[in-house]
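entry-v3.cif (mmCIF, C-alpha atoms and all ligand atoms) appears below.
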data_run
loop_
_atom_site.label_atom_id
_atom_site.label_comp_id
_atom_site.auth_asym_id
_atom_site.auth_seq_id
_atom_site.Cartn_x
_atom_site.Cartn_y
_atom_site.Cartn_z
CA MET A 121 20.48 67.92 119.51
CA ASP A 122 21.77 68.55 122.97
CA SER A 123 19.75 68.22 126.12
CA VAL A 124 18.98 71.91 126.45
CA LEU A 125 16.97 71.81 123.24
CA SER A 126 14.81 68.97 124.52
CA GLU A 127 13.34 71.44 127.00
CA ASP A 128 11.96 73.52 124.18
CA PRO A 129 8.75 75.29 125.02
CA VAL A 130 5.66 73.62 123.64
CA ALA A 131 3.68 76.01 121.47
CA LEU A 132 0.17 75.17 120.37
CA LYS A 133 -1.77 76.98 117.68
CA ILE A 134 -5.50 77.59 117.66
CA LEU A 135 -7.22 79.37 114.79
CA ILE A 136 -10.18 81.67 115.22
CA ALA A 137 -12.14 81.86 111.99
CA GLY A 138 -15.46 83.12 110.73
CA GLY A 139 -17.01 85.76 108.53
CA PHE A 140 -16.57 89.51 108.58
CA GLY A 141 -17.45 91.20 111.87
CA VAL A 142 -18.54 88.00 113.55
CA GLY A 143 -16.54 88.50 116.75
CA LYS A 144 -13.09 87.01 116.09
CA THR A 145 -11.14 89.91 117.53
CA THR A 146 -13.48 90.14 120.50
CA LEU A 147 -13.04 86.45 121.29
CA VAL A 148 -9.26 86.57 121.19
CA GLY A 149 -9.31 89.69 123.38
CA SER A 150 -11.63 88.10 125.92
CA ILE A 151 -9.20 85.37 126.90
CA SER A 152 -5.77 86.64 126.04
CA GLU A 153 -3.66 89.69 125.72
CA ILE A 154 -4.28 90.58 122.11
CA LYS A 155 -1.77 92.11 119.76
CA PRO A 156 -1.95 92.85 116.07
CA LEU A 157 0.44 90.76 114.04
CA ARG A 158 1.38 92.17 110.68
CA THR A 159 1.74 89.97 107.70
CA GLU A 160 2.70 91.71 104.51
CA GLU A 161 1.88 89.60 101.56
CA VAL A 162 2.00 89.69 97.83
CA LEU A 163 -1.51 89.51 96.49
CA SER A 164 -2.53 88.89 92.95
CA ASP A 165 -5.17 91.25 91.60
CA ARG A 166 -7.77 88.57 92.15
CA GLY A 167 -9.04 89.63 95.54
CA ILE A 168 -8.60 93.36 95.25
CA GLY A 169 -11.53 95.67 94.74
CA VAL A 170 -11.41 97.28 91.32
CA ASP A 171 -11.97 100.73 92.67
CA ASP A 172 -9.00 100.99 94.98
CA LEU A 173 -6.22 99.93 92.68
CA ASP A 174 -7.36 100.75 89.19
CA GLY A 175 -4.57 100.73 86.69
CA VAL A 176 -1.98 99.39 89.09
CA GLU A 177 0.14 96.43 88.03
CA ALA A 178 -1.31 93.04 88.76
CA LYS A 179 0.81 92.28 91.81
CA THR A 180 0.98 94.34 94.94
CA THR A 181 1.75 93.85 98.57
CA THR A 182 -0.79 94.45 101.23
CA THR A 183 -0.58 94.54 104.97
CA VAL A 184 -2.96 92.20 106.68
CA ALA A 185 -3.37 92.39 110.42
CA MET A 186 -4.06 89.18 112.23
CA ASP A 187 -5.33 88.97 115.78
CA PHE A 188 -2.66 87.34 117.82
CA GLY A 189 -3.14 86.24 121.40
CA ARG A 190 -1.16 84.20 123.85
CA ILE A 191 -2.34 82.10 126.79
CA THR A 192 0.42 80.86 129.04
CA ILE A 193 -0.63 77.58 130.60
CA ARG A 194 2.64 77.26 132.46
CA GLU A 195 6.21 78.10 131.78
CA GLY A 196 7.09 76.22 128.64
CA LEU A 197 3.51 75.54 127.55
CA VAL A 198 1.81 78.26 125.58
CA VAL A 199 -1.34 78.38 123.48
CA TYR A 200 -1.28 80.89 120.63
CA LEU A 201 -4.49 82.18 119.14
CA PHE A 202 -4.64 83.49 115.59
CA GLY A 203 -7.71 85.28 114.31
CA THR A 204 -7.67 85.53 110.56
CA PRO A 205 -9.96 87.19 108.09
CA GLY A 206 -12.44 84.69 106.76
CA GLN A 207 -12.52 85.69 103.13
CA GLU A 208 -11.21 83.24 100.62
CA ARG A 209 -8.45 85.55 99.48
CA PHE A 210 -6.75 85.15 102.83
CA TRP A 211 -6.49 81.41 102.58
CA PHE A 212 -2.79 81.59 101.92
CA MET A 213 -2.54 82.57 105.59
CA TRP A 214 -4.76 79.77 106.73
CA ASP A 215 -2.71 77.13 104.96
CA GLU A 216 0.27 78.05 107.01
CA LEU A 217 -1.66 78.58 110.23
CA SER A 218 -3.54 75.32 110.10
CA TYR A 219 -0.35 73.34 109.59
CA GLY A 220 0.16 71.52 112.87
CA ALA A 221 -2.66 73.47 114.51
CA LEU A 222 -4.39 71.99 117.50
CA GLY A 223 -7.74 73.05 116.12
CA ALA A 224 -10.00 75.89 115.10
CA VAL A 225 -12.98 77.82 116.38
CA VAL A 226 -15.45 78.82 113.69
CA ILE A 227 -17.59 81.68 114.93
CA ALA A 228 -21.04 81.89 113.41
CA ASP A 229 -23.70 84.58 113.40
CA THR A 230 -27.14 83.08 112.81
CA ARG A 231 -28.24 86.15 110.88
CA ARG A 232 -25.52 85.47 108.32
CA LEU A 233 -24.87 81.80 108.71
CA THR A 234 -23.60 81.31 105.18
CA ASP A 235 -20.61 83.52 106.02
CA CYS A 236 -19.02 80.67 107.90
CA PHE A 237 -19.49 78.05 105.17
CA PRO A 238 -16.01 78.61 103.70
CA SER A 239 -14.38 78.19 107.12
CA VAL A 240 -16.30 75.01 107.86
CA ASP A 241 -15.46 73.61 104.44
CA TYR A 242 -11.86 74.51 104.83
CA PHE A 243 -11.32 72.76 108.17
CA GLU A 244 -13.34 69.73 107.14
CA GLN A 245 -11.14 69.27 104.11
CA ARG A 246 -7.91 69.86 106.00
CA GLY A 247 -8.95 67.46 108.74
CA THR A 248 -8.37 70.15 111.36
CA PRO A 249 -10.53 69.54 114.46
CA PHE A 250 -12.96 72.45 114.88
CA VAL A 251 -15.94 73.60 116.91
CA VAL A 252 -18.67 75.98 115.83
CA ALA A 253 -19.36 78.75 118.31
CA VAL A 254 -22.59 80.62 117.64
CA ASN A 255 -22.09 84.19 118.80
CA CYS A 256 -25.34 85.41 120.32
CA PHE A 257 -25.60 89.02 119.23
CA ASP A 258 -28.23 91.14 120.95
CA GLY A 259 -31.45 91.17 119.03
CA ALA A 260 -30.56 88.15 116.94
CA GLU A 261 -33.18 85.48 116.99
CA GLN A 262 -32.02 82.58 119.12
CA HIS A 263 -31.58 79.45 117.11
CA SER A 264 -31.07 76.08 118.62
CA VAL A 265 -27.75 74.40 118.33
CA ASP A 266 -29.48 71.63 116.38
CA ASP A 267 -30.79 74.08 113.77
CA VAL A 268 -27.27 75.35 113.22
CA ARG A 269 -25.85 71.85 112.98
CA ILE A 270 -28.40 70.96 110.31
CA ALA A 271 -27.97 74.21 108.41
CA LEU A 272 -24.21 73.73 108.30
CA ASP A 273 -24.51 70.01 107.58
CA LEU A 274 -21.97 69.19 110.28
CA ASP A 275 -20.77 65.76 111.27
CA ASP A 276 -22.30 64.53 114.53
CA ASP A 277 -19.04 64.69 116.40
CA VAL A 278 -18.39 68.40 115.67
CA PRO A 279 -19.32 70.40 118.79
CA VAL A 280 -21.72 73.29 118.26
CA MET A 281 -22.31 75.72 121.10
CA LEU A 282 -23.85 79.08 121.83
CA CYS A 283 -21.54 81.73 123.20
CA ASP A 284 -21.07 85.39 123.96
CA VAL A 285 -17.55 86.16 122.82
CA ARG A 286 -17.45 89.30 124.96
CA ARG A 287 -17.59 87.25 128.14
CA ARG A 288 -14.43 85.67 129.37
CA THR A 289 -16.14 82.65 130.90
CA SER A 290 -17.98 82.00 127.65
CA ALA A 291 -14.82 82.39 125.60
CA LYS A 292 -13.03 80.02 127.98
CA GLU A 293 -15.73 77.43 127.58
CA VAL A 294 -15.36 77.59 123.80
CA MET A 295 -11.63 77.00 124.04
CA ILE A 296 -12.03 74.12 126.48
CA THR A 297 -14.64 72.50 124.24
CA LEU A 298 -12.24 72.75 121.31
CA VAL A 299 -9.26 71.23 123.12
CA GLU A 300 -11.45 68.42 124.47
CA HIS A 301 -12.64 67.79 120.93
CA SER A 302 -9.06 67.74 119.65
CA LEU A 303 -8.17 65.29 122.38
CA ARG A 304 -11.09 63.00 121.44
CA THR A 305 -10.10 63.20 117.77
CA LEU A 306 -6.59 62.25 118.75
CA THR A 307 -7.47 59.33 120.99
CA SER A 308 -9.97 57.89 118.51
CA ALA A 309 -7.32 58.04 115.80
CA ASN A 310 -4.85 56.00 117.85
CA MET B 63 -8.46 97.14 109.52
CA SER B 64 -7.31 100.01 111.61
CA ASP B 65 -3.57 99.71 111.33
CA SER B 66 -1.96 101.71 108.61
CA PRO B 67 1.60 101.01 107.58
CA GLN B 68 3.99 103.18 109.57
CA TRP B 69 7.15 103.99 107.79
CA PHE B 70 8.14 106.78 110.11
CA ASP B 71 9.07 106.76 113.70
CA GLU B 72 9.03 110.15 115.34
CA GLU B 73 12.04 109.54 117.52
CA ALA B 74 14.19 107.50 115.21
CA GLY B 75 13.44 109.50 112.10
CA PRO B 76 12.58 107.88 108.79
CA LEU B 77 12.75 104.13 108.81
CA VAL B 78 13.47 102.05 105.78
CA ARG B 79 10.57 100.25 104.23
CA PRO B 80 10.57 96.71 105.56
CA TYR B 81 11.36 95.15 102.21
CA ALA B 82 14.33 97.44 101.74
CA LEU B 83 15.70 95.89 104.91
CA ILE B 84 15.88 92.52 103.26
CA ARG B 85 16.76 93.92 99.83
CA GLY B 86 13.45 93.10 98.29
CA ARG B 87 13.66 89.40 98.98
CA THR B 88 10.46 87.70 99.94
CA ARG B 89 11.82 84.18 100.09
CA SER B 90 14.70 82.80 102.04
CA SER B 91 15.88 79.80 103.97
CA GLY B 92 13.63 81.13 106.73
CA ASP B 93 10.44 80.57 104.77
CA ALA B 94 9.64 77.37 106.53
CA PHE B 95 9.78 78.84 110.02
CA ASP B 96 6.54 78.19 111.77
CA LEU B 97 4.87 81.22 113.35
CA VAL B 98 5.19 79.62 116.75
CA ALA B 99 8.67 78.15 116.27
CA THR B 100 11.05 79.01 119.07
CA VAL B 101 13.95 81.36 118.36
CA ARG B 102 17.04 81.48 120.56
CA ALA B 103 20.14 83.61 120.35
CA ILE B 104 23.22 81.41 120.18
CA GLY B 105 25.80 83.79 118.73
CA GLU B 106 27.42 86.99 119.84
CA PRO B 107 26.42 90.21 118.11
CA THR B 108 29.03 91.51 115.73
CA GLY B 109 29.50 95.02 114.42
CA GLU B 110 28.19 94.04 111.02
CA LEU B 111 24.68 93.40 112.19
CA GLY B 112 21.92 95.80 111.30
CA PRO B 113 19.77 97.32 114.02
CA GLU B 114 16.94 94.84 113.44
CA GLN B 115 19.28 91.88 113.79
CA GLN B 116 20.63 93.39 117.00
CA LEU B 117 17.08 93.72 118.29
CA ILE B 118 16.32 90.12 117.38
CA LEU B 119 19.43 88.89 119.15
CA ARG B 120 18.51 90.83 122.25
CA ALA B 121 14.88 89.69 122.22
CA ALA B 122 15.89 86.07 121.68
CA ARG B 123 18.22 85.83 124.68
CA SER B 124 15.43 83.88 126.26
CA PRO B 125 13.34 81.72 123.92
CA ILE B 126 10.74 83.65 121.93
CA SER B 127 8.34 82.69 119.15
CA VAL B 128 8.61 84.00 115.60
CA ALA B 129 5.21 85.70 115.95
CA ASP B 130 6.17 87.39 119.22
CA LEU B 131 9.34 88.66 117.57
CA ALA B 132 7.35 90.19 114.73
CA VAL B 133 5.10 91.93 117.23
CA GLU B 134 8.03 93.15 119.26
CA LEU B 135 9.90 94.51 116.25
CA ASP B 136 6.69 95.76 114.66
CA LEU B 137 7.65 94.21 111.35
CA PRO B 138 5.63 91.98 109.05
CA VAL B 139 6.16 88.29 109.69
CA GLY B 140 7.54 87.76 106.18
CA VAL B 141 10.32 90.25 106.80
CA VAL B 142 11.18 88.75 110.17
CA ARG B 143 11.44 85.32 108.60
CA VAL B 144 13.93 86.49 106.00
CA LEU B 145 16.03 88.15 108.71
CA LEU B 146 15.87 85.00 110.82
CA GLY B 147 16.88 82.83 107.88
CA ASP B 148 20.00 84.91 107.36
CA MET B 149 20.81 84.95 111.06
CA ARG B 150 20.46 81.21 111.32
CA ASP B 151 22.72 80.73 108.31
CA HIS B 152 25.30 82.82 110.15
CA GLY B 153 25.02 80.77 113.32
CA LEU B 154 23.55 83.60 115.35
CA ILE B 155 20.26 81.96 116.29
CA SER B 156 18.64 78.57 116.48
CA VAL B 157 15.06 77.97 115.43
CA THR B 158 13.14 74.93 116.61
CA SER B 159 9.57 74.03 115.85
CA SER B 160 7.39 72.21 118.30
CA SER B 161 3.93 72.58 116.84
CA ALA B 162 4.43 70.69 113.62
CA GLY B 163 2.53 67.49 114.08
CA GLY B 164 4.10 66.53 117.36
CA ALA B 165 1.98 68.57 119.71
CA ARG B 166 -1.31 67.43 118.30
CA THR B 167 -0.34 63.92 119.06
CA ASN B 168 0.42 64.42 122.69
CA GLU B 169 -2.42 63.47 125.00
CA ARG B 170 -0.73 64.50 128.18
CA ILE B 171 -0.14 68.02 126.93
CA LEU B 172 -3.72 68.44 125.75
CA LYS B 173 -5.00 67.39 129.17
CA GLU B 174 -2.69 69.89 130.75
CA VAL B 175 -4.03 72.60 128.45
CA ILE B 176 -7.63 71.76 129.34
CA ASN B 177 -6.87 71.98 133.04
CA GLY B 178 -4.91 75.16 132.53
CA LEU B 179 -7.80 76.77 130.65
CA ARG B 180 -10.23 75.77 133.39
CA ALA B 181 -7.99 77.43 135.94
CA LEU B 182 -7.80 80.70 134.03
N1 LIG C 1 -23.96 92.81 120.95
C1 LIG C 1 -22.89 92.10 120.68
N2 LIG C 1 -21.91 92.68 119.99
C2 LIG C 1 -20.81 91.94 119.71
C3 LIG C 1 -20.68 90.60 120.13
N3 LIG C 1 -19.50 90.14 119.68
C4 LIG C 1 -18.93 91.14 119.01
N4 LIG C 1 -19.68 92.22 119.04
C5 LIG C 1 -19.39 93.49 118.40
O1 LIG C 1 -19.39 93.26 117.02
C6 LIG C 1 -18.37 94.00 116.39
C7 LIG C 1 -17.45 93.11 115.58
O2 LIG C 1 -16.71 92.28 116.44
P1 LIG C 1 -15.20 91.89 116.13
O3 LIG C 1 -14.70 91.09 117.26
O4 LIG C 1 -14.44 93.09 115.75
O5 LIG C 1 -15.41 90.98 114.86
P2 LIG C 1 -14.29 90.40 113.88
O6 LIG C 1 -14.74 89.04 113.48
O7 LIG C 1 -12.96 90.51 114.47
O8 LIG C 1 -14.44 91.39 112.66
P3 LIG C 1 -13.45 91.54 111.40
O9 LIG C 1 -12.06 91.38 111.90
O10 LIG C 1 -13.74 92.92 110.91
O11 LIG C 1 -13.87 90.50 110.42
C8 LIG C 1 -17.65 94.77 117.50
O12 LIG C 1 -18.15 96.07 117.54
C9 LIG C 1 -18.02 93.99 118.75
O13 LIG C 1 -18.05 94.81 119.89
C10 LIG C 1 -21.76 90.04 120.88
O14 LIG C 1 -21.71 88.89 121.28
N5 LIG C 1 -22.84 90.82 121.12
MG MG C 2 -11.25 91.48 113.71
#
Turn this file's structure into structure tokens for me.
Ligand SMILES: Nc1nc2c(ncn2[C@@H]2O[C@H](COP(=O)(O)OP(=O)(O)OP(=O)(O)O)[C@@H](O)[C@H]2O)c(=O)[nH]1
Ligand SMILES: [Mg+2]
Amino acid sequence: MDSVLSEDPVALKILIAGGFGVGKTTLVGSISEIKPLRTEEVLSDRGIGVDDLDGVEAKTTTTVAMDFGRITIREGLVVYLFGTPGQERFWFMWDELSYGALGAVVIADTRRLTDCFPSVDYFEQRGTPFVVAVNCFDGAEQHSVDDVRIALDLDDDVPVMLCDVRRRTSAKEVMITLVEHSLRTLTSAN
Amino acid sequence: MSDSPQWFDEEAGPLVRPYALIRGRTRSSGDAFDLVATVRAIGEPTGELGPEQQLILRAARSPISVADLAVELDLPVGVVRVLLGDMRDHGLISVTSSSAGGARTNERILKEVINGLRAL
């Protein structure tokens, strides 16, 4: 490779995961310019509701929109955020996204905490550093971070924090906590 | 999900379905391109290129990620990858990946990101 290529921009990937309607899109939009990224994928009939495609052949393509955001740290250093649907049938997207990813944010809603189990499981198994951000919806009973940690059976070193994904400062704090966690994971591995 | 597939563009008239663009192929030498890999134009456009390839060449005059290209062309990522695979095979673009493994292992960069986020 010639010397020009050695100046390649550094691109980092962060995943934003969590159950349906938990605040993924809002979080990405709070700290970056958000754009919808289309992925058109072949799905087996497995994940498709019976009512919408009755009688159609087993394979079909579907358009899935991912939240896609970009934070430019400096010229040549960019953090990309990808918010993906949390349902299991979208895991084909996660496999690719988590490859080489810096880490992941799992957003949790204490009223439906089980919704984030698949995400937590997924990142634990992949060894992807992640933090759990508890989105404090209005009217939701406030749970302590410790309650959430116990309910999710998280390792001690996994950061758990309360947040309001609508607020930029809160969203920023979540991202910083994640990158610090990734850094700790990295230095303890060396 | 609010976005519905748009096969028609009012100004340009009917557009081909994305998979017609790549003749129904869903796999190519571009499959392995990371979403955040960097694409650069290295060749000169020739008359044989389709409009999408022309757009890619123009957009990639300065380095651009695969995901940004898909957003800019308003095409599904899978389609963009197939187009990129072809274009690379024809020496029109280069694609380099920086996120695979390497970045996670770079302390200095992570510290820079933390400081950059704080300064946002
Ligand atoms: N009150 C309150 N509303 C919130 C908060 N976060 C998100 N919302 C609202 O909750 C709804 C869902 O948020 P989204 O960001 O779209 O959630 P999502 O995870 O992207 O949802 P899907 O992509 O459909 O899975 C939106 O109407 C938000 O405005 C919050 O912290 N407090
Ligand atoms: Mg969303």
(request) Return the single residue from B:Leu145, B:Leu111, B:Ala129, B:Ala121 that is closest to Ala99 of chain B, with distances computed using all atoms listed in the file. (result) B:Ala129
(message) Show me which residues are within 8 Å of ligand LIG 1 (chain C) counting all atoms listed in the file, and format the list as a ChimeraX atom specification.
(response) /A:137-147,187,203-206,255-259,283-286 /B:63
(request) Kindly determine which residues of chain A lie within 10 Å of chain B, considering only C-alpha atoms, and give the answer as number ranges by chain. (result) A: 125, 128-133, 151, 155-162, 182-186, 188-194, 196-200, 216-223, 288-289, 292-293, 295-300, 302-307, 309-310
(message) Counting all atoms listed in the file, which residues have an atom no more than 9 Å from (27.1, 87.1, 106.3) in the file's coordinates? Please list them as a list in words.
(response) Glu110, Leu111, Asp148, Met149, Asp151 and His152 of chain B
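If you look at atom CA of Val252 of chain A and atom CA of Glu208 of chain A, they are 18.4 Å away from each other.
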As AutoDock Vina command-line options: centre and edge lengths in Å, one decimal, of the axis-aligned box holding segment 189-199 of chain A with 4 Å per side:
--center_x 2.0 --center_y 80.9 --center_z 126.9 --size_x 18.2 --size_y 18.7 --size_z 19.1
(request) Could you jot down the atom CA of Leu201 of chain A to atom CA of Arg143 of chain B separation for me, Å, one decimal place? (result) 19.4 Å
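By chain and then residue number, the residues within 12 Å of Asp267 of chain A are Thr230, Leu233, Val254, Gln262, His263, Ser264, Val265, Arg269, Ile270, Ala271, Leu272, Asp273, Leu274, Val280, Met281 and Leu282 of chain A, counting all atoms listed in the file and disregarding those fewer than 2 positions away in sequence.
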(message) Show me the residues around (15.6, 99.1, 114.1) - criterion: an atom at most 8 Å away, all atoms listed in the file counted - as a VMD selection string.
(response) chain B and resid 77 112 to 114 117 135
